[in-house]
$ cat protein_33.cif   # mmCIF, C-alpha atoms and all ligand atoms
data_final
loop_
_atom_site.label_atom_id
_atom_site.label_comp_id
_atom_site.auth_asym_id
_atom_site.auth_seq_id
_atom_site.Cartn_x
_atom_site.Cartn_y
_atom_site.Cartn_z
CA MET A 1 0.00 0.00 0.00
CA ASP A 2 1.40 3.40 -0.99
CA GLY A 3 -0.35 5.51 1.63
CA THR A 4 -2.71 7.36 -0.77
CA GLN A 5 -4.84 4.28 -1.35
CA ILE A 6 -7.80 3.66 0.98
CA ASP A 7 -8.15 0.14 2.31
CA PRO A 8 -11.10 -1.64 0.64
CA VAL A 9 -12.24 -2.68 4.12
CA THR A 10 -11.93 -0.61 7.30
CA LEU A 11 -12.83 -2.09 10.67
CA GLU A 12 -14.76 0.26 12.93
CA GLU A 13 -16.09 0.16 16.48
CA GLY A 14 -19.51 -1.34 15.68
CA GLY A 15 -18.88 -2.81 12.25
CA LEU A 16 -16.90 -2.15 9.09
CA THR A 17 -16.82 0.00 5.99
CA VAL A 18 -16.33 -1.65 2.63
CA ALA A 19 -15.68 -0.40 -0.90
CA LEU A 20 -18.60 -1.45 -3.11
CA PRO A 21 -18.32 -2.31 -6.83
CA ASP A 22 -20.11 0.92 -7.82
CA GLY A 23 -17.49 3.10 -6.08
CA ARG A 24 -19.52 3.85 -2.96
CA ARG A 25 -18.26 2.94 0.49
CA GLY A 26 -20.86 1.34 2.68
CA TYR A 27 -20.95 0.90 6.45
CA PHE A 28 -22.33 -2.40 7.81
CA ASN A 29 -23.15 -3.08 11.42
CA ALA A 30 -21.44 -6.17 12.89
CA TRP A 31 -24.69 -7.59 14.39
CA TRP A 32 -26.37 -7.24 10.99
CA LEU A 33 -23.43 -8.91 9.24
CA ARG A 34 -23.26 -11.80 11.69
CA ASP A 35 -27.01 -12.37 11.61
CA ASN A 36 -27.10 -12.33 7.81
CA CYS A 37 -24.10 -14.50 7.05
CA PRO A 38 -25.26 -16.59 4.06
CA SER A 39 -24.75 -19.68 6.24
CA SER A 40 -27.56 -18.43 8.53
CA PHE A 41 -30.16 -19.68 6.07
CA ASP A 42 -31.21 -23.26 5.50
CA ALA A 43 -30.52 -24.25 1.91
CA GLU A 44 -33.67 -26.32 1.66
CA THR A 45 -36.32 -24.27 3.47
CA ARG A 46 -34.52 -20.94 2.81
CA GLU A 47 -35.49 -19.91 6.32
CA ARG A 48 -33.15 -18.35 8.82
CA THR A 49 -31.79 -21.02 11.14
CA PHE A 50 -29.11 -18.92 12.84
CA ASP A 51 -30.16 -17.68 16.29
CA ILE A 52 -28.70 -14.24 17.02
CA PHE A 53 -30.52 -14.16 20.38
CA HIS A 54 -28.28 -16.97 21.62
CA HIS A 55 -25.03 -15.61 20.21
CA ALA A 56 -22.69 -15.60 23.22
CA THR A 57 -20.82 -12.36 22.54
CA THR A 58 -21.21 -9.08 20.68
CA PRO A 59 -20.09 -9.98 17.13
CA ARG A 60 -16.78 -8.36 16.20
CA PRO A 61 -14.82 -8.86 12.97
CA ALA A 62 -11.21 -9.87 13.78
CA GLU A 63 -10.16 -9.50 10.15
CA ALA A 64 -11.94 -8.71 6.91
CA HIS A 65 -10.91 -8.46 3.28
CA ILE A 66 -12.33 -8.66 -0.22
CA HIS A 67 -11.79 -11.82 -2.19
CA GLU A 68 -13.12 -11.91 -5.75
CA ASP A 69 -16.77 -10.70 -5.56
CA ALA A 70 -17.19 -11.21 -1.83
CA LEU A 71 -16.39 -9.66 1.51
CA VAL A 72 -14.73 -12.24 3.75
CA VAL A 73 -15.04 -11.75 7.52
CA HIS A 74 -13.22 -13.75 10.20
CA TRP A 75 -15.13 -13.35 13.44
CA ALA A 76 -13.36 -12.77 16.76
CA GLY A 77 -13.89 -15.39 19.48
CA GLU A 78 -15.47 -18.03 17.23
CA HIS A 79 -14.32 -20.25 14.43
CA HIS A 80 -16.61 -18.79 11.85
CA VAL A 81 -15.84 -17.18 8.51
CA SER A 82 -18.53 -15.36 6.55
CA ARG A 83 -18.53 -14.60 2.83
CA TYR A 84 -20.93 -11.91 1.63
CA PRO A 85 -21.48 -11.32 -2.10
CA LEU A 86 -20.68 -7.63 -2.74
CA ALA A 87 -23.94 -7.40 -4.75
CA MET A 88 -25.83 -8.28 -1.57
CA LEU A 89 -24.00 -5.61 0.42
CA ALA A 90 -24.61 -3.05 -2.34
CA ALA A 91 -28.35 -3.77 -2.16
CA TYR A 92 -28.48 -3.04 1.57
CA ALA A 93 -25.88 -0.22 1.82
CA ALA A 94 -28.34 2.67 1.61
CA GLY A 95 -30.79 1.28 4.19
CA VAL A 96 -33.74 1.51 1.84
CA ARG A 97 -36.45 -1.09 1.19
CA ARG A 98 -35.31 -4.06 -0.81
CA HIS A 99 -36.43 -3.84 -4.43
CA ASP A 100 -39.85 -5.44 -4.84
CA PRO A 101 -40.69 -6.69 -8.34
CA ALA A 102 -44.39 -6.68 -7.37
CA ASP A 103 -44.21 -2.93 -6.73
CA LEU A 104 -45.34 -2.06 -10.24
CA PRO A 105 -46.45 1.53 -10.79
CA ARG A 106 -50.23 1.86 -10.60
CA ARG A 107 -51.84 3.24 -13.78
CA PRO A 108 -55.06 5.11 -12.99
CA TRP A 109 -57.90 4.58 -15.45
CA PHE A 110 -61.16 6.36 -16.20
CA ALA A 111 -64.69 5.80 -17.58
CA ASP A 112 -63.47 4.99 -21.11
CA HIS A 113 -61.31 2.06 -19.97
CA TYR A 114 -63.59 -0.77 -21.11
CA PRO A 115 -62.04 -1.40 -24.57
CA ASP A 116 -58.56 -1.38 -22.99
CA LEU A 117 -59.34 -3.82 -20.17
CA THR A 118 -56.84 -6.66 -19.97
CA ARG A 119 -58.55 -9.83 -21.16
CA VAL A 120 -57.32 -13.36 -20.80
CA ALA A 121 -59.04 -16.63 -21.59
CA HIS A 122 -59.71 -19.30 -18.98
CA PRO A 123 -58.13 -22.22 -20.92
CA THR A 124 -54.86 -20.43 -21.77
CA LEU A 125 -54.62 -19.01 -18.27
CA HIS A 126 -54.37 -22.52 -16.91
CA GLU A 127 -51.83 -23.64 -19.49
CA ASP A 128 -49.58 -20.65 -19.96
CA PRO A 129 -47.57 -18.94 -17.19
CA ALA A 130 -47.07 -15.92 -19.49
CA GLU A 131 -50.84 -15.39 -19.52
CA ARG A 132 -50.97 -15.71 -15.73
CA ARG A 133 -48.23 -13.12 -15.53
CA ARG A 134 -50.22 -10.79 -17.82
CA LEU A 135 -53.27 -11.17 -15.58
CA MET A 136 -51.26 -10.56 -12.40
CA GLU A 137 -49.64 -7.48 -13.90
CA ALA A 138 -53.04 -6.10 -14.89
CA LEU A 139 -54.24 -6.57 -11.30
CA LEU A 140 -51.14 -4.89 -9.88
CA VAL A 141 -51.04 -2.01 -12.38
CA GLU A 142 -54.72 -1.35 -13.20
CA GLY A 143 -56.44 -3.33 -10.47
CA VAL A 144 -58.85 -5.08 -12.85
CA ALA A 145 -59.03 -7.66 -15.66
CA ILE A 146 -61.58 -9.91 -17.33
CA ILE A 147 -61.21 -13.65 -17.82
CA GLY A 148 -63.26 -14.96 -20.73
CA ASP A 149 -64.34 -18.44 -21.88
CA MET A 150 -65.16 -19.54 -18.34
CA PRO A 151 -66.90 -22.93 -18.19
CA ASP A 152 -70.39 -22.76 -16.73
CA THR A 153 -69.46 -24.77 -13.64
CA ASP A 154 -68.95 -24.06 -9.94
CA ALA A 155 -65.43 -25.47 -10.17
CA ALA A 156 -64.36 -22.97 -12.85
CA LEU A 157 -64.32 -20.06 -10.42
CA THR A 158 -62.54 -22.01 -7.67
CA ARG A 159 -59.87 -23.24 -10.09
CA THR A 160 -59.35 -19.81 -11.61
CA ALA A 161 -59.09 -17.94 -8.31
CA GLY A 162 -56.79 -20.72 -7.13
CA LEU A 163 -54.26 -19.64 -9.76
CA LEU A 164 -53.83 -16.31 -8.01
CA GLY A 165 -54.02 -17.43 -4.40
CA THR A 166 -55.82 -19.53 -1.84
CA ILE A 167 -59.56 -18.98 -1.68
CA ARG A 168 -60.08 -16.64 1.20
CA PRO A 169 -63.41 -17.10 2.92
CA SER A 170 -65.29 -14.15 4.34
CA PHE A 171 -67.85 -14.34 7.13
CA PHE A 172 -70.42 -15.50 4.59
CA GLY A 173 -68.35 -18.45 3.41
CA ALA A 174 -65.92 -19.51 0.69
CA TYR A 175 -68.03 -18.10 -2.14
CA PHE A 176 -71.26 -16.20 -2.65
CA ASP A 177 -74.00 -16.23 -5.24
CA VAL A 178 -75.37 -12.88 -6.38
CA ARG A 179 -78.92 -13.34 -7.62
CA THR A 180 -82.31 -12.37 -6.34
CA HIS A 181 -82.98 -14.19 -3.09
CA VAL A 182 -86.43 -14.65 -1.59
CA LYS A 183 -85.28 -13.46 1.86
CA PRO A 184 -82.23 -11.31 1.09
CA THR A 185 -79.60 -10.71 3.77
CA ASN A 186 -77.80 -8.16 1.62
CA LEU A 187 -78.81 -5.57 -0.97
CA ALA A 188 -76.72 -7.47 -3.52
CA TYR A 189 -79.25 -10.29 -3.36
CA THR A 190 -82.08 -8.08 -4.59
CA SER A 191 -82.71 -6.54 -8.01
CA LYS A 192 -82.29 -3.02 -6.63
CA ALA A 193 -79.43 -0.73 -7.61
CA LEU A 194 -76.31 -1.41 -5.60
CA GLU A 195 -74.42 1.70 -4.60
CA LEU A 196 -70.74 1.99 -5.44
CA HIS A 197 -68.73 0.15 -2.82
CA THR A 198 -65.79 -2.04 -1.94
CA ASP A 199 -66.64 -5.41 -0.35
CA VAL A 200 -66.83 -6.24 3.33
CA PRO A 201 -64.96 -3.40 5.08
CA ALA A 202 -66.62 -4.69 8.27
CA GLU A 203 -63.90 -7.36 8.30
CA GLU A 204 -60.64 -6.38 9.94
CA LEU A 205 -58.78 -7.20 6.72
CA ALA A 206 -61.25 -6.79 3.90
CA PRO A 207 -60.80 -9.34 1.08
CA GLY A 208 -58.00 -8.42 -1.34
CA ILE A 209 -58.89 -9.72 -4.80
CA GLN A 210 -62.49 -10.27 -5.79
CA TYR A 211 -63.76 -12.52 -8.58
CA LEU A 212 -67.24 -12.31 -10.04
CA HIS A 213 -68.05 -15.12 -12.46
CA CYS A 214 -71.10 -14.27 -14.55
CA ARG A 215 -73.05 -17.50 -15.11
CA ARG A 216 -76.32 -16.03 -16.44
CA ASN A 217 -77.23 -12.55 -17.47
CA SER A 218 -80.32 -12.14 -19.58
CA VAL A 219 -82.11 -9.47 -17.53
CA GLU A 220 -82.91 -5.96 -18.68
CA GLY A 221 -80.75 -3.41 -16.88
CA GLY A 222 -78.28 -4.37 -14.20
CA LEU A 223 -75.33 -2.61 -15.86
CA ASN A 224 -72.06 -3.30 -14.03
CA LEU A 225 -70.33 -0.22 -12.69
CA PHE A 226 -66.61 -0.20 -11.96
CA LEU A 227 -64.23 2.64 -11.24
CA ASP A 228 -60.64 3.12 -10.18
CA GLY A 229 -60.73 4.54 -6.64
CA THR A 230 -57.10 5.63 -6.85
CA ALA A 231 -57.88 7.86 -9.87
CA VAL A 232 -60.62 9.59 -7.88
CA ALA A 233 -58.51 9.93 -4.72
CA ASN A 234 -55.61 11.37 -6.73
CA ASP A 235 -57.94 14.02 -8.15
CA LEU A 236 -59.27 14.81 -4.67
CA ARG A 237 -55.71 15.27 -3.46
CA GLU A 238 -55.20 17.97 -6.15
CA ASP A 239 -58.58 19.51 -5.71
CA ASP A 240 -59.00 19.56 -1.93
CA PRO A 241 -55.88 18.59 0.06
CA GLU A 242 -57.61 19.07 3.41
CA ALA A 243 -60.47 16.71 2.49
CA PHE A 244 -57.87 14.25 1.22
CA ARG A 245 -55.96 14.47 4.51
CA LEU A 246 -59.10 13.81 6.56
CA LEU A 247 -60.08 10.79 4.46
CA SER A 248 -56.60 9.30 4.51
CA GLU A 249 -56.02 9.81 8.25
CA THR A 250 -59.39 9.25 9.93
CA GLU A 251 -60.62 5.74 10.63
CA ILE A 252 -64.36 5.30 10.35
CA PRO A 253 -66.41 2.36 11.63
CA PHE A 254 -68.00 -0.32 9.42
CA TYR A 255 -70.30 -3.11 10.57
CA LYS A 256 -72.32 -6.11 9.54
CA GLU A 257 -74.86 -7.42 11.98
CA HIS A 258 -76.85 -10.42 10.92
CA ASP A 259 -77.72 -13.98 11.85
CA GLY A 260 -75.62 -14.29 14.98
CA ILE A 261 -72.73 -12.18 13.72
CA ASP A 262 -71.63 -8.72 14.79
CA MET A 263 -68.69 -7.75 12.61
CA ARG A 264 -66.99 -4.43 13.26
CA ALA A 265 -63.85 -2.86 11.85
CA ARG A 266 -62.44 0.61 11.33
CA GLN A 267 -60.96 1.65 8.01
CA ARG A 268 -59.60 4.73 6.31
CA VAL A 269 -61.49 5.73 3.18
CA ILE A 270 -58.24 6.53 1.35
CA GLU A 271 -55.30 4.16 1.81
CA LEU A 272 -51.72 5.33 1.24
CA ASP A 273 -48.68 3.16 0.54
CA HIS A 274 -45.23 3.52 2.11
CA ASN A 275 -44.38 6.27 -0.40
CA GLY A 276 -47.48 8.26 0.54
CA ALA A 277 -49.09 7.47 -2.84
CA VAL A 278 -52.76 6.45 -2.98
CA SER A 279 -52.89 2.66 -3.03
CA GLY A 280 -56.58 2.11 -2.48
CA VAL A 281 -59.95 3.15 -1.15
CA THR A 282 -62.59 1.65 1.13
CA ILE A 283 -66.14 2.78 0.72
CA SER A 284 -69.49 1.22 1.57
CA GLN A 285 -72.54 3.12 2.64
CA HIS A 286 -74.44 -0.07 3.44
CA MET A 287 -71.73 -1.23 5.83
CA ALA A 288 -70.79 2.18 7.26
CA ASP A 289 -71.66 2.24 10.96
CA ILE A 290 -72.87 5.38 12.72
CA PHE A 291 -69.69 7.48 12.86
CA ASP A 292 -68.64 7.57 16.50
CA LEU A 293 -66.16 10.40 16.00
CA PRO A 294 -66.12 13.69 17.92
CA GLN A 295 -69.04 15.75 16.66
CA ARG A 296 -66.73 18.75 16.06
CA LEU A 297 -64.65 16.57 13.74
CA MET A 298 -67.85 15.76 11.85
CA ASP A 299 -67.99 19.48 10.88
CA SER A 300 -65.05 18.89 8.57
CA TYR A 301 -65.17 15.10 8.03
CA TYR A 302 -68.68 14.85 6.61
CA PRO A 303 -68.19 17.48 3.88
CA ALA A 304 -64.97 15.67 2.84
CA PHE A 305 -66.69 12.23 2.91
CA VAL A 306 -69.67 13.43 0.89
CA LYS A 307 -67.46 15.28 -1.59
CA PHE A 308 -65.50 12.07 -2.23
CA GLY A 309 -68.68 9.98 -2.44
CA ARG A 310 -70.07 12.37 -5.06
CA MET A 311 -66.81 12.35 -7.01
CA LEU A 312 -66.98 8.55 -7.17
CA GLN A 313 -70.24 8.85 -9.10
CA ASP A 314 -68.85 11.35 -11.59
CA GLU A 315 -69.18 10.23 -15.24
CA LYS A 316 -65.46 10.86 -15.63
CA TYR A 317 -64.67 7.77 -13.59
CA VAL A 318 -67.45 5.20 -13.88
CA MET A 319 -66.98 2.44 -16.46
CA ARG A 320 -70.38 0.95 -17.38
CA PHE A 321 -70.83 -2.30 -19.21
CA THR A 322 -72.66 -5.59 -19.09
CA LEU A 323 -70.74 -8.57 -17.80
CA ARG A 324 -71.64 -11.44 -20.10
CA ALA A 325 -72.25 -15.05 -19.21
CA GLY A 326 -68.87 -16.83 -19.39
CA GLU A 327 -66.90 -13.81 -18.21
CA CYS A 328 -65.25 -13.43 -14.83
CA ILE A 329 -64.12 -10.00 -13.72
CA CYS A 330 -61.38 -9.95 -11.13
CA PHE A 331 -60.30 -6.84 -9.32
CA ASP A 332 -58.44 -5.39 -6.37
CA ASN A 333 -61.12 -4.95 -3.72
CA HIS A 334 -59.03 -2.33 -1.93
CA ARG A 335 -58.82 -0.16 -5.04
CA ILE A 336 -61.65 -0.82 -7.48
CA VAL A 337 -65.09 0.43 -6.47
CA HIS A 338 -68.02 -1.46 -7.94
CA GLY A 339 -71.80 -1.30 -8.09
CA ARG A 340 -74.77 -2.23 -10.19
CA ALA A 341 -77.71 -0.47 -11.77
CA ALA A 342 -81.16 -1.80 -10.90
CA TYR A 343 -82.55 -4.54 -13.10
CA ALA A 344 -85.95 -6.00 -13.85
CA ALA A 345 -85.90 -9.40 -12.15
CA THR A 346 -88.82 -10.70 -14.20
CA THR A 347 -87.08 -10.17 -17.56
CA GLY A 348 -84.64 -13.04 -17.28
CA GLU A 349 -81.97 -14.65 -15.17
CA ARG A 350 -78.98 -13.03 -13.52
CA HIS A 351 -76.47 -15.06 -11.57
CA LEU A 352 -72.95 -14.12 -10.51
CA ARG A 353 -70.81 -16.35 -8.34
CA GLY A 354 -68.09 -14.60 -6.40
CA THR A 355 -65.09 -15.40 -4.26
CA TYR A 356 -61.91 -13.78 -2.95
CA THR A 357 -58.19 -14.31 -2.62
CA ASP A 358 -55.67 -12.01 -0.93
CA ARG A 359 -53.42 -9.32 -2.37
CA GLY A 360 -50.33 -10.47 -0.46
CA GLU A 361 -50.50 -13.92 -2.00
CA LEU A 362 -50.99 -12.47 -5.48
CA ARG A 363 -47.82 -10.43 -4.99
CA GLY A 364 -45.99 -13.47 -3.66
CA LEU A 365 -46.94 -15.61 -6.64
CA TYR A 366 -46.02 -12.80 -9.00
CA ARG A 367 -42.54 -12.38 -7.46
CA ALA A 368 -41.94 -16.12 -7.71
CA LEU A 369 -43.09 -16.07 -11.34
CA VAL A 370 -40.67 -13.30 -12.30
CA SER A 371 -38.03 -15.15 -10.22
CA GLU A 372 -36.42 -12.43 -8.26
CA GLY A 373 -35.11 -14.21 -5.21
CA ARG A 374 -32.91 -13.44 -2.25
CA PHE A 375 -29.14 -13.39 -1.93
CA HIS A 376 -28.89 -16.80 -0.34
FE FE B 401 -69.79 -6.09 -3.95
#
$ encode --input "protein_33.cif" --output "structure tokens"
Amino acid sequence: MDGTQIDPVTLEEGGLTVALPDGRRGYFNAWWLRDNCPSSFDAETRERTFDIFHHATTPRPAEAHIHEDALVVHWAGEHHVSRYPLAMLAAYAAGVRRHDPADLPRRPWFADHYPDLTRVAHPTLHEDPAERRRLMEALLVEGVAIIGDMPDTDAALTRTAGLLGTIRPSFFGAYFDVRTHVKPTNLAYTSKALELHTDVPAEELAPGIQYLHCRRNSVEGGLNLFLDGTAVANDLREDDPEAFRLLSETEIPFYKEHDGIDMRARQRVIELDHNGAVSGVTISQHMADIFDLPQRLMDSYYPAFVKFGRMLQDEKYVMRFTLRAGECICFDNHRIVHGRAAYAATTGERHLRGTYTDRGELRGLYRALVSEGRFH
């Protein structure tokens, strides 16, 4: 060493600093390094098997150097040598969230979206992973897609939803049938108009992805209404930042009381992601409980709530169409708001079968499909 050169690795009190391939120098804490030695993870299960809680001493590098594309650390007081790929260290040097391939940018859409809806066909979806990927990307980016050529069977919906996750029951069971019931327990089971809503906010974690398989639809009326809640919330943010703040910070109560059940949960009407961007909305007048907020807060909350509710109905946002028999619409239930115009029950048959899976599992399957794994 000639004295002007900086050592590629410098030991420090709590860890070490290392020269990264991109020219940066990164500091890494010794506990973090010891805990995340590639040998800490089981090759088969890929789970962490190393137990930092039972590590006898404070980890301290006795010696460290770079060999080929790895940082090699000899630990003091134990016969253990760790080798860290420099690419792994580079990924964690800045202390920011690990890149997530499922974090695709959301693309807001408006009333004229129908011709551009992503469409896949049931048979190819089951055979072709590229088609599954296209469907998953549509759900992540636009929050909605239509699957065509669905067989007219109960199993078709279960099998299709099963491609994107495990069927996730709600308090009314593993699936539901939307048609006119003789003794309805829900407005959906009548022929009346169904106000724009997201499903089941009375559950602590409302269902993530919703599937509606249209089995019969020969009635007059009953147009399907769908809109992108994030597009509306983004406009509200521009138009009325204070209303936006109230709706994204205040939790309001939702409920469902029926047949021996008393479901209650609190939700924010506008949901933000870790970047502060709008990631979804929750709205349901039929499941909104009596707001038990301070009455003085109501002075500002109600005008904001009503303004947003009116915006949701604006022609700019609402996509109207008729779901045909053999089509299954799937959508992000935390983002896409849906409803139905009234129909004349005596003019024909209308039957939709619905179920849910979760968003987290969709993201998990998507990441696995695009194969972006960990560093061990
Ligand atoms: Fe619904």
$ residues_around --input "protein_33.cif" --residues "A:Pro129" --least-positions-apart "6" --cutoff "12 Å" --atoms "only C-alpha atoms" --output "PyMOL selection string"
chain A and resi 120+123+135-136+163-164+365-366+368-370
$ closest_atom_pairs --input "protein_33.cif" --of "chain A" --to "ligand FE 401 (chain B)" --cutoff "7 Å" --atoms "all atoms listed in the file" --output "CSV"
residue,atom,partner,partner_atom,distance
A:His197,CA,B:FE401,FE,6.4
A:Thr198,CA,B:FE401,FE,6.0
A:Asp199,CA,B:FE401,FE,4.8
A:His338,CA,B:FE401,FE,6.4
A:Gly339,CA,B:FE401,FE,6.6
$ closest_residue --input "protein_33.cif" --among "A:Ser191, A:Ser279, A:Asn36, A:Thr180" --to "A:Pro85" --atoms "only C-alpha atoms"
A:Asn36
$ atom_distance --input "protein_33.cif" --atom1 "atom CA of A:Glu204" --atom2 "atom CA of A:Phe308"
22.6 Å
$ closest_residue --input "protein_33.cif" --among "A:Leu227, A:Val219, A:Leu247, A:Leu312" --to "A:Glu142" --atoms "all atoms listed in the file"
A:Leu227
$ residues_around --input "protein_33.cif" --residues "A:Tyr84" --least-positions-apart "6" --cutoff "9 Å" --atoms "only C-alpha atoms" --output "number ranges by chain"
A: 33, 36-38, 69-73
$ residues_around --input "protein_33.cif" --residues "A:Ala30" --least-positions-apart "5" --cutoff "9 Å" --atoms "all atoms listed in the file" --output "PDB file with C-alpha atoms, in the coordinates of the input"
ATOM      1  CA  GLY A  14     -19.510  -1.340  15.680  1.00  0.00           C
ATOM      2  CA  GLY A  15     -18.880  -2.810  12.250  1.00  0.00           C
ATOM      3  CA  LEU A  16     -16.900  -2.150   9.090  1.00  0.00           C
ATOM      4  CA  ASP A  35     -27.010 -12.370  11.610  1.00  0.00           C
ATOM      5  CA  THR A  58     -21.210  -9.080  20.680  1.00  0.00           C
ATOM      6  CA  PRO A  59     -20.090  -9.980  17.130  1.00  0.00           C
ATOM      7  CA  ARG A  60     -16.780  -8.360  16.200  1.00  0.00           C
ATOM      8  CA  PRO A  61     -14.820  -8.860  12.970  1.00  0.00           C
TER       9      PRO A  61
END
$ residues_around --input "protein_33.cif" --residues "A:Val178" --least-positions-apart "4" --cutoff "6 Å" --atoms "only C-alpha atoms" --output "MDAnalysis selection string"
chainID A and resid 189 351:352
$ write_last_selection --input "protein_33.cif" --atoms "C-alpha atoms" --output "PDB file, keeping the file's coordinate frame"
ATOM      1  CA  TYR A 189     -79.250 -10.290  -3.360  1.00  0.00           C
ATOM      2  CA  HIS A 351     -76.470 -15.060 -11.570  1.00  0.00           C
ATOM      3  CA  LEU A 352     -72.950 -14.120 -10.510  1.00  0.00           C
TER       4      LEU A 352
END
$ residues_around --input "protein_33.cif" --residues "A:Tyr343" --least-positions-apart "6" --cutoff "10 Å" --atoms "all atoms listed in the file" --output "list in words"
Thr190, Ser191, Lys192, Ala193, Val219, Glu220, Gly221, Gly222, Leu223 and Arg350 of chain A
$ atom_distance --input "protein_33.cif" --atom1 "atom CA of A:Leu194" --atom2 "atom CA of A:Met150"
24.8 Å
$ closest_residue --input "protein_33.cif" --among "A:Gln295, A:Leu11, A:Phe53, A:Leu187" --to "A:Phe28" --atoms "only C-alpha atoms"
A:Leu11
$ closest_residue --input "protein_33.cif" --among "A:Val96, A:Leu86, A:Ala43, A:Thr17" --to "A:His274" --atoms "only C-alpha atoms"
A:Val96
$ closest_residue --input "protein_33.cif" --among "A:Glu13, A:Asp149, A:Glu349, A:Glu63" --to "A:Ile329" --atoms "all atoms listed in the file"
A:Asp149
$ closest_residue --input "protein_33.cif" --among "A:His126, A:Glu195, A:Met319, A:Thr282" --to "A:Gly162" --atoms "all atoms listed in the file"
A:His126
$ atom_distance --input "protein_33.cif" --atom1 "atom CA of A:Ala277" --atom2 "atom CA of A:Leu140"
14.4 Å
